[in-house]
2 protein chains.
Amino acid sequence: MSHKCPLNERGIFIILVLMKNLIIAQSGGPTVAINASLAGVLEQNQKTNSFKKIYGSLNGITGILQNRFLDLTEKTSEDPTFITNLKTTPAMYLGSCRFRVPTEEEDFSFYETVFSKFEEMDADAFFYIGGNDSMDTVAKLSAYGKKHKKSTKIIGIPKTIDNDLIHIDHTPGFGSAAKYVASSILEIAHDTYIYHLKSVTIVEIMGRDAGWLTASSALARNEYSNAPHLIYLPERVFFLEECIEDTKKLLEERDDVIIAISEGVKDKDGNYISASEGHKDNFGHAMLSGTAKYLEHELHQALGVKTRGIELNILQRCASHIASETDLCESMQLGATAVSLYEEGKTGVMATHKRISSHSYKLEYTCHDVSEIANQVKSVPDNYINTRGNDITDEMLDYLYPLIQGEVSLTYKDGLPSYLDVSHLVF
Amino acid sequence: MSHKCPLNERGIFIILVLMKNLIIAQSGGPTVAINASLAGVLEQNQKTNSFKKIYGSLNGITGILQNRFLDLTEKTSEDPTFITNLKTTPAMYLGSCRFRVPTEEEDFSFYETVFSKFEEMDADAFFYIGGNDSMDTVAKLSAYGKKHKKSTKIIGIPKTIDNDLIHIDHTPGFGSAAKYVASSILEIAHDTYIYHLKSVTIVEIMGRDAGWLTASSALARNEYSNAPHLIYLPERVFFLEECIEDTKKLLEERDDVIIAISEGVKDKDGNYISASEGHKDNFGHAMLSGTAKYLEHELHQALGVKTRGIELNILQRCASHIASETDLCESMQLGATAVSLYEEGKTGVMATHKRISSHSYKLEYTCHDVSEIANQVKSVPDNYINTRGNDITDEMLDYLYPLIQGEVSLTYKDGLPSYLDVSHLVF
């Protein structure tokens with residue numbers, strides 16, 4: 001990272017003329033931490049003056065195509081609390097999109113349009129904050145840039161509550177979602193334990209391909225409650241008979257059984273156990289719903305006890321009021337890292353971190369070639385899942401534990417969390 | 001309320017011998033504030049020494065029948081933080097039950113058993129914290145007590161997230177549930193606004209017979225978001241065609257429509273619009289589910305846009321981490337009021353409050369004959385609902401606003417809210 005020396009007025013003028021701009025955008029599904037990464041970029045730039053202007057492209061890369069930008073440098077200079085409030089505002093302050101970037105062969109003009117806009121706006125860098133699909137965009141744009149000798153550096157900043165990106169210890173947004181999931185399971189346990197009757201509560205947790213978030217439900221266990229009593233991840237084939245058998249056995253020992261199950265569990269034929277109704281999103285991913293409701297019905301039929309299915313739904317990705325402070329700080333740091341990577345002249349990389357030590361939790365911030373990250377899925381490894389496939393191991397708990405630590409300091413207004421005005425997103 | 005003068009040792013001994021005990025229990029569905037009322041009783045007794053011992057009957061009145069008690073006086077003297085932690089612990093610390101008390105004609109022995117237990121335990125008072133059905137228990141027990149000249153005073157302390165008890169300004173637990181609902185709607189709005197495409201989000205909120213909690217979703221509205229854009233309460237017949245028409249019209253003006261709908265809305269024939277599958281609980285109440293899912297399907301069919309149904313489910317009644325401090329303090333005060341009512345020799349009453357002023361919010365704590373409260377439902381009045389029946393009025397907002405103010409001060413341990421150990425409830 002360059003260090004700028006004190007300058008006289010003429011020197012500052014030359015620097016300002018030479019300084020270029022940054023375009024930044026957010027994409028994919030929301031998390032609680034994706035704005036924290038944006039805040040990290042803005043805060044770091046206040047320290048390093050790497051960019052003259054930072055423009056937010058609205059609704060992901062589509063803002064570049066439609067010429068819809070927000071001057072974030074102006075926002076930060078107008079409002080000294082902007083960065084702090086941005087850190088704790090849920091979802092995407094700049095909006096999102098579900099837009100699959102075409103290959104050069106499919107649509108060369110797309111690349112010409114995007115890079116012309118970069119040139120027009122004097123953008124020496126484009127940062128894209130997103131998950132798997134967004135890293136695909138970063139990989140494609142940077143490959144095009146390298147091939148056609150474009151100067152704009154393309155850098156990815158990760159996020160996803162699913163924690164399924166490779167080459168990163170864990171993804172921004174995951175820790176907060178995990179904290180929400182674990183807190184909810186604990187509160188559901190309190191709610192469930194009050195009746196002296198047999199019951200099964202099934203909590204459906206997000207995670208289409210990877211069970212990280214469902215696994216984090218285990219963090220709810222403490223000295224008086226070992227809920228969830230069963231945990232089913234998509235990394236293992238789901239056998240309904242085994243689930244009925246496991247639940248039945250537990251009900252012989254105790255009144256209440258709480259099950260955490262991933263929305264993405266599949267049967268032995270590879271079909272989702274929930275009724276997917278054949279809906280697919282723009283990326284061809286099956287849209288799921290109803291795993292909990294399906295099990296509620298099946299377990300009630302099989303065991304004849306009270307059953308209740310609870311879908312945590314989108315609150316697990318947008319409940320900023322119970323975000324993990326560790327998650328938000330690390331997300332900011334990844335934003336700051338992207339600025340440093342730009343200063344080092346990097347392109348086609350994603351800001352990332354490695355865990356240096358498990359016991360005294362510490363991360364090292366670095367980068368990784370984004371082409372090796374895009375379109376890959378990091379599944380929960382075998383040693384994190386028990387043999388029966390209905391729980392996680394202590395090794396996984398050690399991995400998860402640091403990620404939910406710390407509480408966010410949030411301002412409340414009129415009894416509700418005070419978030420940033422997002423009226424610029426409302427159509 | 002009696003004021004005790006300083007005494008010498010012999011005097012204290014005589015007082016202790018004369019002092020009687022209290023049995024207290026909790027019943028019905030959980031709220032975030034039902035333990036706060038229990039905490040209020042314990043705290044008040046520390047000040048007034050009204051009772052020598054306070055015993056918690058486990059799992060409502062069934063604890064009396066099964067001789068299952070917890071010595072709460074011991075708990076408070078053993079742990080100086082017990083009352084503070086109890087205040088913020090969700091659901092029922094003493095457990096609950098769904099037990100309909102028989103009439104004297106149906107089962108005279110029930111009353112004999114209960115009052116013998118009162119005598120055996122030297123209980124000069126029995127406090128029951130609960131909703132509609134629990135107030136029925138208070139009414140029946142106190143009527144029996146009066147008729148058969150029993151000395152034990154029977155006093156009700158209200159609670160219910162539904163806010164549907166009469167003769168009280170609002171019920172303990174409602175304010176916290178309202179804060180959770182409004183915060184969730186606000187966070188869902190942030191999540192929804194990120195995509196530049198037409199969508200309808202339907203949020204299903206608890207409330208079988210009354211729409212108070214669904215109405216509180218309107219508290220989410222602020223200077224940048226007017227979600228929810230439509231609000232449907234069970235106080236009005238639900239016409240699907242009108243809902244489709246209203247939604248369609250809104251979609252012509254804007255991208256995202258967020259609908260708050262009560263689980264209890266019914267069609268013109270008085271049938272719940274959700275698939276109730278004919279399940280009924282012990283009180284003969286229909287068990288509902290799927291109003292949001294039903295509308296998700298119907299609106300998708302009719303309008304062809306992306307629709308998503310979200311059921312807030314039981315988290316709206318157990319998410320203590322976002323409780324309303326106003327609600328918890330008022331709930332404690334109602335517990336304290338019950339102790340004062342006992343001191344005044346009252347029986348067959350419920351501790352309650354009246355709103356003295358709407359603008360400078362202030363309550364007066366008092367009591368009301370419980371027989372006039374039990375088995376009644378306070379519906380949302382006409383002047384609180386707009387003419388079209390798809391929104392609430394400003395008058396209702398004025399009523400709701402004070403109830404969600406203030407944030408609870410919660411201790412976190414290992415990244416999660418720290419609640420009281422409830423292992424005594426786990427079977």
# chains A, B, ... in the order shown; residues from 1 in each chain; ligands from 1
>>> interface_residues(of="chain A", to="chain B", cutoff="6 Å", atoms="only C-alpha atoms", output="compact mmCIF listing (two decimals) with C-alpha atoms, in the first residue's frame")
# COMPACT_ATOMS: atom_id res chain seq x y z
CA ALA A 91 -29.10 -6.07 2.80
CA GLY A 95 -29.17 -2.80 -4.38
CA SER A 96 -28.53 -6.10 -6.07
CA CYS A 97 -29.15 -7.99 -9.27
CA SER A 183 -30.07 -17.36 19.04
CA GLU A 187 -35.26 -18.97 22.02
CA HIS A 190 -37.19 -21.93 25.70
CA ASP A 191 -40.54 -21.70 23.96
CA TYR A 193 -39.69 -26.65 26.87
CA ILE A 194 -42.67 -25.05 28.60
CA TYR A 195 -45.17 -27.81 27.87
CA TYR A 224 -29.18 -26.54 30.20
CA ARG A 254 -37.23 -36.75 26.47
CA ASP A 255 -40.36 -34.67 25.78
CA CYS A 318 -31.31 -9.59 7.12
CA ILE A 404 -20.60 -15.24 16.29
CA GLN A 405 -18.76 -13.39 19.04
CA GLY A 406 -19.52 -9.77 19.86
CA GLY A 415 -38.28 1.92 19.16
CA LEU A 416 -36.84 0.38 15.98
CA ASP A 421 -32.40 5.47 4.10
CA SER A 423 -35.26 5.19 -0.86
CA VAL A 426 -37.34 1.90 -4.28
CA PHE A 427 -39.03 1.86 -7.67
>>> residues_around(residues="Ser371 of chain A", least_positions_apart="2", cutoff="9 Å", atoms="only C-alpha atoms", output="JSON, numbers by chain")
{"A": [135, 136, 138, 139, 140, 143, 348, 349, 368, 369, 373, 374, 375]}
>>> write_last_selection(atoms="all heavy atoms", output="tab-separated table (two decimals), in the first residue's frame")
chain	number	residue	atom	x	y	z
A	135	MET	N	-18.51	-13.68	-8.13
A	135	MET	CA	-17.09	-13.94	-8.38
A	135	MET	C	-16.89	-14.43	-9.83
A	135	MET	O	-15.84	-14.20	-10.43
A	135	MET	CB	-16.51	-14.95	-7.36
A	135	MET	CG	-16.44	-14.38	-5.95
A	135	MET	SD	-15.67	-12.72	-5.81
A	135	MET	CE	-16.90	-11.81	-4.89
A	136	ASP	N	-17.93	-15.04	-10.37
A	136	ASP	CA	-17.91	-15.41	-11.79
A	136	ASP	C	-17.82	-14.15	-12.64
A	136	ASP	O	-17.07	-14.09	-13.62
A	136	ASP	CB	-19.18	-16.21	-12.10
A	136	ASP	CG	-19.28	-16.60	-13.57
A	136	ASP	OD1	-18.46	-17.43	-14.02
A	136	ASP	OD2	-20.16	-16.05	-14.27
A	138	VAL	N	-16.56	-11.23	-11.66
A	138	VAL	CA	-15.21	-10.70	-11.45
A	138	VAL	C	-14.20	-11.45	-12.32
A	138	VAL	O	-13.34	-10.84	-12.98
A	138	VAL	CB	-14.82	-10.78	-9.95
A	138	VAL	CG1	-13.36	-10.39	-9.73
A	138	VAL	CG2	-15.73	-9.88	-9.12
A	139	ALA	N	-14.33	-12.77	-12.35
A	139	ALA	CA	-13.40	-13.59	-13.14
A	139	ALA	C	-13.50	-13.26	-14.62
A	139	ALA	O	-12.49	-13.08	-15.31
A	139	ALA	CB	-13.70	-15.07	-12.90
A	140	LYS	N	-14.73	-13.14	-15.12
A	140	LYS	CA	-14.93	-12.88	-16.54
A	140	LYS	C	-14.44	-11.47	-16.92
A	140	LYS	O	-13.77	-11.30	-17.94
A	140	LYS	CB	-16.41	-13.03	-16.90
A	140	LYS	CG	-16.83	-14.50	-17.05
A	140	LYS	CD	-18.32	-14.60	-17.32
A	140	LYS	CE	-18.77	-16.05	-17.51
A	140	LYS	NZ	-20.18	-16.23	-17.26
A	143	ALA	N	-10.62	-11.31	-16.74
A	143	ALA	CA	-10.02	-12.07	-17.85
A	143	ALA	C	-10.09	-11.23	-19.13
A	143	ALA	O	-9.11	-11.13	-19.88
A	143	ALA	CB	-10.75	-13.39	-18.04
A	348	GLY	N	-8.25	-9.33	-10.89
A	348	GLY	CA	-8.67	-10.73	-10.99
A	348	GLY	C	-8.49	-11.51	-9.71
A	348	GLY	O	-8.31	-12.73	-9.72
A	349	VAL	N	-8.53	-10.80	-8.60
A	349	VAL	CA	-8.39	-11.48	-7.30
A	349	VAL	C	-9.60	-11.19	-6.41
A	349	VAL	O	-10.36	-10.25	-6.66
A	349	VAL	CB	-7.12	-11.02	-6.54
A	349	VAL	CG1	-5.85	-11.46	-7.26
A	349	VAL	CG2	-7.14	-9.50	-6.31
A	368	HIS	N	-6.77	-14.10	-3.39
A	368	HIS	CA	-6.68	-15.35	-4.15
A	368	HIS	C	-7.24	-15.12	-5.54
A	368	HIS	O	-8.18	-14.34	-5.72
A	368	HIS	CB	-7.46	-16.45	-3.42
A	368	HIS	CG	-7.07	-17.82	-3.90
A	368	HIS	ND1	-6.13	-18.59	-3.28
A	368	HIS	CD2	-7.47	-18.53	-5.00
A	368	HIS	CE1	-5.97	-19.73	-3.93
A	368	HIS	NE2	-6.77	-19.71	-4.99
A	369	ASP	N	-6.64	-15.80	-6.50
A	369	ASP	CA	-7.09	-15.74	-7.90
A	369	ASP	C	-8.58	-16.09	-7.97
A	369	ASP	O	-9.00	-17.18	-7.60
A	369	ASP	CB	-6.26	-16.75	-8.71
A	369	ASP	CG	-6.56	-16.68	-10.20
A	369	ASP	OD1	-7.63	-16.15	-10.57
A	369	ASP	OD2	-5.75	-17.17	-10.99
A	373	ILE	N	-12.06	-19.48	-7.68
A	373	ILE	CA	-13.11	-19.42	-6.64
A	373	ILE	C	-14.51	-19.50	-7.25
A	373	ILE	O	-15.39	-20.20	-6.73
A	373	ILE	CB	-12.96	-18.11	-5.81
A	373	ILE	CG1	-11.64	-18.13	-5.02
A	373	ILE	CG2	-14.15	-17.93	-4.87
A	373	ILE	CD1	-11.27	-16.83	-4.36
A	374	ALA	N	-14.67	-18.79	-8.40
A	374	ALA	CA	-15.99	-18.69	-9.02
A	374	ALA	C	-16.60	-20.05	-9.31
A	374	ALA	O	-15.89	-20.98	-9.70
A	374	ALA	CB	-15.88	-17.88	-10.31
A	375	ASN	N	-17.89	-20.14	-9.08
A	375	ASN	CA	-18.67	-21.33	-9.42
A	375	ASN	C	-18.25	-22.61	-8.69
A	375	ASN	O	-18.56	-23.72	-9.13
A	375	ASN	CB	-18.65	-21.57	-10.94
A	375	ASN	CG	-19.13	-20.34	-11.69
A	375	ASN	OD1	-20.15	-19.75	-11.35
A	375	ASN	ND2	-18.38	-19.93	-12.70
>>> residues_around(residues="segment 112-120 of chain B", least_positions_apart="2", cutoff="10 Å", atoms="only C-alpha atoms", output="list in words")
Asn21, Leu22, Ile23, Ile61, Thr62, Ile64, Leu65, Asn67, Glu104, Asp107, Phe108, Ser109, Phe110, Asp122, Ala123, Asp124, Ala125, Phe126, Leu141, Tyr144, Gly145, Lys150, Ser151 and Thr152 of chain B
>>> atom_distance(atom1="atom CA of Gln333 of chain B", atom2="atom CA of Gly40 of chain B")
6.0 Å
>>> closest_residue(among="A:Ile385, A:Ala323, A:Leu400, A:Leu233", to="His359 of chain A", atoms="only C-alpha atoms")
A:Leu400
>>> closest_residue(among="B:Ile129, B:Ala218, B:Val257, B:Leu38", to="Glu395 of chain B", atoms="only C-alpha atoms")
B:Ala218
>>> closest_residue(among="B:Glu78, B:Glu364, B:Asp164, B:Glu235", to="Leu334 of chain B", atoms="only C-alpha atoms")
B:Glu364
>>> decode(residues="segment 177-213 of chain B", atoms="N, CA and C atoms", output="PDB file, in the first residue's frame")
ATOM      1  N   ALA B 177     -43.694  -8.228  21.272  1.00  0.00           N
ATOM      2  CA  ALA B 177     -44.032  -8.923  20.024  1.00  0.00           C
ATOM      3  C   ALA B 177     -44.204  -7.903  18.899  1.00  0.00           C
ATOM      4  N   ALA B 178     -44.829  -6.758  19.234  1.00  0.00           N
ATOM      5  CA  ALA B 178     -45.037  -5.697  18.242  1.00  0.00           C
ATOM      6  C   ALA B 178     -43.700  -5.135  17.772  1.00  0.00           C
ATOM      7  N   LYS B 179     -42.772  -4.998  18.711  1.00  0.00           N
ATOM      8  CA  LYS B 179     -41.427  -4.492  18.359  1.00  0.00           C
ATOM      9  C   LYS B 179     -40.728  -5.499  17.438  1.00  0.00           C
ATOM     10  N   TYR B 180     -40.872  -6.765  17.742  1.00  0.00           N
ATOM     11  CA  TYR B 180     -40.273  -7.809  16.888  1.00  0.00           C
ATOM     12  C   TYR B 180     -40.898  -7.779  15.496  1.00  0.00           C
ATOM     13  N   VAL B 181     -42.213  -7.701  15.449  1.00  0.00           N
ATOM     14  CA  VAL B 181     -42.928  -7.692  14.157  1.00  0.00           C
ATOM     15  C   VAL B 181     -42.513  -6.478  13.324  1.00  0.00           C
ATOM     16  N   ALA B 182     -42.520  -5.291  13.944  1.00  0.00           N
ATOM     17  CA  ALA B 182     -42.184  -4.067  13.198  1.00  0.00           C
ATOM     18  C   ALA B 182     -40.724  -4.089  12.738  1.00  0.00           C
ATOM     19  N   SER B 183     -39.819  -4.525  13.617  1.00  0.00           N
ATOM     20  CA  SER B 183     -38.397  -4.607  13.235  1.00  0.00           C
ATOM     21  C   SER B 183     -38.216  -5.592  12.083  1.00  0.00           C
ATOM     22  N   SER B 184     -38.909  -6.713  12.176  1.00  0.00           N
ATOM     23  CA  SER B 184     -38.793  -7.733  11.126  1.00  0.00           C
ATOM     24  C   SER B 184     -39.305  -7.204   9.798  1.00  0.00           C
ATOM     25  N   ILE B 185     -40.432  -6.503   9.825  1.00  0.00           N
ATOM     26  CA  ILE B 185     -40.993  -5.935   8.587  1.00  0.00           C
ATOM     27  C   ILE B 185     -40.000  -4.934   7.992  1.00  0.00           C
ATOM     28  N   LEU B 186     -39.384  -4.126   8.850  1.00  0.00           N
ATOM     29  CA  LEU B 186     -38.404  -3.150   8.365  1.00  0.00           C
ATOM     30  C   LEU B 186     -37.209  -3.862   7.716  1.00  0.00           C
ATOM     31  N   GLU B 187     -36.733  -4.914   8.366  1.00  0.00           N
ATOM     32  CA  GLU B 187     -35.583  -5.658   7.823  1.00  0.00           C
ATOM     33  C   GLU B 187     -35.969  -6.412   6.549  1.00  0.00           C
ATOM     34  N   ILE B 188     -37.182  -6.928   6.525  1.00  0.00           N
ATOM     35  CA  ILE B 188     -37.680  -7.595   5.315  1.00  0.00           C
ATOM     36  C   ILE B 188     -37.791  -6.585   4.170  1.00  0.00           C
ATOM     37  N   ALA B 189     -38.209  -5.348   4.497  1.00  0.00           N
ATOM     38  CA  ALA B 189     -38.299  -4.301   3.471  1.00  0.00           C
ATOM     39  C   ALA B 189     -36.920  -4.034   2.872  1.00  0.00           C
ATOM     40  N   HIS B 190     -35.914  -3.887   3.730  1.00  0.00           N
ATOM     41  CA  HIS B 190     -34.535  -3.684   3.228  1.00  0.00           C
ATOM     42  C   HIS B 190     -34.139  -4.841   2.311  1.00  0.00           C
ATOM     43  N   ASP B 191     -34.471  -6.033   2.722  1.00  0.00           N
ATOM     44  CA  ASP B 191     -34.117  -7.227   1.947  1.00  0.00           C
ATOM     45  C   ASP B 191     -34.833  -7.237   0.594  1.00  0.00           C
ATOM     46  N   THR B 192     -36.061  -6.764   0.600  1.00  0.00           N
ATOM     47  CA  THR B 192     -36.922  -6.833  -0.586  1.00  0.00           C
ATOM     48  C   THR B 192     -36.589  -5.761  -1.615  1.00  0.00           C
ATOM     49  N   TYR B 193     -36.198  -4.577  -1.136  1.00  0.00           N
ATOM     50  CA  TYR B 193     -35.991  -3.433  -2.032  1.00  0.00           C
ATOM     51  C   TYR B 193     -34.762  -3.583  -2.936  1.00  0.00           C
ATOM     52  N   ILE B 194     -33.919  -4.564  -2.661  1.00  0.00           N
ATOM     53  CA  ILE B 194     -32.637  -4.635  -3.395  1.00  0.00           C
ATOM     54  C   ILE B 194     -32.772  -5.025  -4.857  1.00  0.00           C
ATOM     55  N   TYR B 195     -33.837  -5.738  -5.204  1.00  0.00           N
ATOM     56  CA  TYR B 195     -33.980  -6.167  -6.595  1.00  0.00           C
ATOM     57  C   TYR B 195     -34.911  -5.234  -7.351  1.00  0.00           C
ATOM     58  N   HIS B 196     -34.556  -4.951  -8.571  1.00  0.00           N
ATOM     59  CA  HIS B 196     -35.373  -4.083  -9.408  1.00  0.00           C
ATOM     60  C   HIS B 196     -36.313  -4.979 -10.232  1.00  0.00           C
ATOM     61  N   LEU B 197     -37.230  -5.606  -9.518  1.00  0.00           N
ATOM     62  CA  LEU B 197     -38.225  -6.428 -10.198  1.00  0.00           C
ATOM     63  C   LEU B 197     -39.496  -6.478  -9.356  1.00  0.00           C
ATOM     64  N   LYS B 198     -40.596  -6.779 -10.004  1.00  0.00           N
ATOM     65  CA  LYS B 198     -41.898  -6.807  -9.315  1.00  0.00           C
ATOM     66  C   LYS B 198     -41.949  -8.000  -8.356  1.00  0.00           C
ATOM     67  N   SER B 199     -42.334  -7.741  -7.137  1.00  0.00           N
ATOM     68  CA  SER B 199     -42.456  -8.841  -6.175  1.00  0.00           C
ATOM     69  C   SER B 199     -43.486  -8.524  -5.097  1.00  0.00           C
ATOM     70  N   VAL B 200     -44.063  -9.565  -4.573  1.00  0.00           N
ATOM     71  CA  VAL B 200     -45.007  -9.427  -3.463  1.00  0.00           C
ATOM     72  C   VAL B 200     -44.523 -10.314  -2.313  1.00  0.00           C
ATOM     73  N   THR B 201     -44.368  -9.724  -1.144  1.00  0.00           N
ATOM     74  CA  THR B 201     -43.948 -10.478   0.033  1.00  0.00           C
ATOM     75  C   THR B 201     -45.094 -10.466   1.032  1.00  0.00           C
ATOM     76  N   ILE B 202     -45.504 -11.631   1.461  1.00  0.00           N
ATOM     77  CA  ILE B 202     -46.637 -11.741   2.376  1.00  0.00           C
ATOM     78  C   ILE B 202     -46.116 -12.214   3.733  1.00  0.00           C
ATOM     79  N   VAL B 203     -46.334 -11.412   4.745  1.00  0.00           N
ATOM     80  CA  VAL B 203     -45.838 -11.757   6.079  1.00  0.00           C
ATOM     81  C   VAL B 203     -47.021 -12.128   6.971  1.00  0.00           C
ATOM     82  N   GLU B 204     -47.018 -13.367   7.418  1.00  0.00           N
ATOM     83  CA  GLU B 204     -48.115 -13.873   8.261  1.00  0.00           C
ATOM     84  C   GLU B 204     -47.769 -13.665   9.734  1.00  0.00           C
ATOM     85  N   ILE B 205     -48.692 -13.030  10.436  1.00  0.00           N
ATOM     86  CA  ILE B 205     -48.451 -12.631  11.819  1.00  0.00           C
ATOM     87  C   ILE B 205     -49.491 -13.266  12.731  1.00  0.00           C
ATOM     88  N   MET B 206     -49.075 -13.621  13.943  1.00  0.00           N
ATOM     89  CA  MET B 206     -49.969 -14.311  14.879  1.00  0.00           C
ATOM     90  C   MET B 206     -51.158 -13.440  15.287  1.00  0.00           C
ATOM     91  N   GLY B 207     -52.203 -14.069  15.727  1.00  0.00           N
ATOM     92  CA  GLY B 207     -53.417 -13.386  16.149  1.00  0.00           C
ATOM     93  C   GLY B 207     -54.615 -14.140  15.611  1.00  0.00           C
ATOM     94  N   ARG B 208     -55.125 -15.021  16.408  1.00  0.00           N
ATOM     95  CA  ARG B 208     -56.196 -15.912  15.963  1.00  0.00           C
ATOM     96  C   ARG B 208     -57.511 -15.147  15.771  1.00  0.00           C
ATOM     97  N   ASP B 209     -57.833 -14.300  16.756  1.00  0.00           N
ATOM     98  CA  ASP B 209     -59.134 -13.622  16.731  1.00  0.00           C
ATOM     99  C   ASP B 209     -59.044 -12.112  16.613  1.00  0.00           C
ATOM    100  N   ALA B 210     -57.867 -11.574  16.962  1.00  0.00           N
ATOM    101  CA  ALA B 210     -57.733 -10.119  16.954  1.00  0.00           C
ATOM    102  C   ALA B 210     -56.476  -9.721  16.181  1.00  0.00           C
ATOM    103  N   GLY B 211     -56.562  -8.575  15.530  1.00  0.00           N
ATOM    104  CA  GLY B 211     -55.495  -8.172  14.615  1.00  0.00           C
ATOM    105  C   GLY B 211     -54.468  -7.220  15.186  1.00  0.00           C
ATOM    106  N   TRP B 212     -54.424  -7.086  16.513  1.00  0.00           N
ATOM    107  CA  TRP B 212     -53.513  -6.105  17.127  1.00  0.00           C
ATOM    108  C   TRP B 212     -52.067  -6.268  16.670  1.00  0.00           C
ATOM    109  N   LEU B 213     -51.581  -7.499  16.707  1.00  0.00           N
ATOM    110  CA  LEU B 213     -50.162  -7.725  16.403  1.00  0.00           C
ATOM    111  C   LEU B 213     -49.883  -7.486  14.914  1.00  0.00           C
TER     112      LEU B 213
END
